[in-house]
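Have a look at the structure below before the remarks.
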Amino acid sequence: QVQLVESGGGLVQAGGSLRLSCAASGRIFSMYDLGWFRQAPGKEREFVVAISRSIYYADSVKGRFTISRDSAKNTVYLQMNSLKPEDTAVYYCAAGNRLSSGRVDYWGQGTQVTVSS
């Protein structure tokens with residue numbers, strides 16, 4: 001069954017904001033760290049942020065992106081502010097025990113974020 005479901009992608013102008021959501025199954029939400037990766041055209045998938053007892057951000061998004069979670073809804077959010085064209089990518093919700101090291105156990109289906117200049 002589907003474990004992670006993303007929503008909230010879209011098209012935005014540079015400097016704008018978007019919020020992504022990732023709804024997880026109860027088991028996934030309670031057992032794993034949750035976070036986000038992204039993959040731009042022609043590039044490898046890269047780590048963006050993870051939340052466990054601590055929060056880890058990629059340098060490229062620090063100060064602009066904020067991750068949060070709602071335990072009542074088994075949902076993780078990614079608030080993206082001051083978006084840049086280089087943030088354009090498919091964003092994937094991920095679950096695992098060492099996301100910042102690239103160790104992912106579950107992937108969502110991905111949601112497209114496009115930032116126009």
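Each chain in the structure tokens gets a letter, A, B, ..., in the order shown, and its residues are numbered from 1; ligands are numbered from 1 in order too.
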inquiry  = as a VMD selection string, please: every residue in chain A that DSSP puts in strand (DSSP E or B).
reply    = chain A and resid 4 to 7 10 to 13 18 to 24 33 to 39 46 to 51 55 to 57 65 to 70 75 to 80 89 to 96 98 103 106 to 107 111 to 116
Could you list, as an NGL selection string, every residue within 9 Å of Thr111 (chain A), counting only C-alpha atoms and ignoring same-chain residues fewer than 2 positions away? :A and (6-10 or 20 or 89-93 or 108-109 or 113)
Report task. Determine, counting only C-alpha atoms, which protein, DNA and RNA residues have an atom within 9 Å of an atom of Val76 (chain A); residues of the same chain fewer than 5 positions away are not included. Present the result as JSON, numbers by chain. Result -> {"A": [20, 21, 22, 23, 24, 29, 34, 35, 51, 67, 68, 69, 70, 71, 93]}
Looking at only C-alpha atoms, which of A:Leu78, A:Met31, A:Leu83, A:Ile55 is the one that sits closest to Gln13 (chain A)?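 Smallest separation from Gln13 (chain A) among the options: A:Leu83.
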Shell of 8 Å around Ser82 (chain A), only C-alpha atoms, local chain residues under 3 positions omitted, as a CSV table (one decimal) with C-alpha atoms, in the first residue's frame:
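What ended up in around_23.csv:
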```
chain,number,residue,atom,x,y,z
A,14,ALA,CA,11.1,33.6,-8.0
A,15,GLY,CA,10.9,35.0,-4.5
A,16,GLY,CA,7.6,33.3,-3.9
A,17,SER,CA,6.6,30.5,-1.5
A,64,ARG,CA,14.7,29.6,3.3
```
As a ChimeraX atom specification, please: the residues near Arg45 (chain A) (cut-off 12 Å, only C-alpha atoms, same-chain neighbours under 2 positions excluded). /A:36-43,47-48,89-94,102,104,107,110
Q) If you count only C-alpha atoms, which residues fall within 10 Å of Glu86 (chain A), apart from same-chain ones fewer than 4 positions away, as a PyMOL selection string? A) chain A and resi 14+40+60+114-117
Would you mind reading off the distance between CA of Asp87 (chain A) and CA of Ser52 (chain A), one decimal, in Å?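 Value for the CA of Asp87 (chain A)-CA of Ser52 (chain A) distance: 23.5 Å.
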When you count only C-alpha atoms, which of these residues is closest to Leu4 (chain A): A:Thr88, A:Asn97, A:Asn74, A:Thr66?
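Nearest to Leu4 (chain A): A:Asn74.
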- Find, counting only C-alpha atoms, the residue in A:Gln3, A:Ser100, A:Met80, A:Tyr57 that gets nearest to Arg27 (chain A).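 Distance minimum relative to Arg27 (chain A) lands on A:Gln3.
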Between A:Ala58, A:Arg98, A:Pro85, A:Tyr77, which has the minimum distance to Arg19 (chain A) (counting only C-alpha atoms)?
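The closest residue to Arg19 (chain A) is A:Tyr77.
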### Query
Between CA of Glu46 (chain A) and CA of Asn81 (chain A), what is the spacing in Å?
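About the pair CA of Asn81 (chain A) and CA of Glu46 (chain A): they are 18.7 Å apart.
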What does the distance from CA of Thr75 (chain A) to CA of Tyr56 (chain A) come to in Å, to one decimal?
->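 One can read the CA of Thr75 (chain A) to CA of Tyr56 (chain A) distance as 17.6 Å.
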- Task: From chain A, collect each residue whose DSSP state is helix (DSSP H, G or I) and return the set as a list in words.
- Result: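 Across chain A, those assigned helix (DSSP H, G or I) are Gly26, Arg27, Ile28, Phe29, Ser30, Met31, Pro85, Glu86, Asp87, Leu99, Ser100 and Ser101 of chain A.
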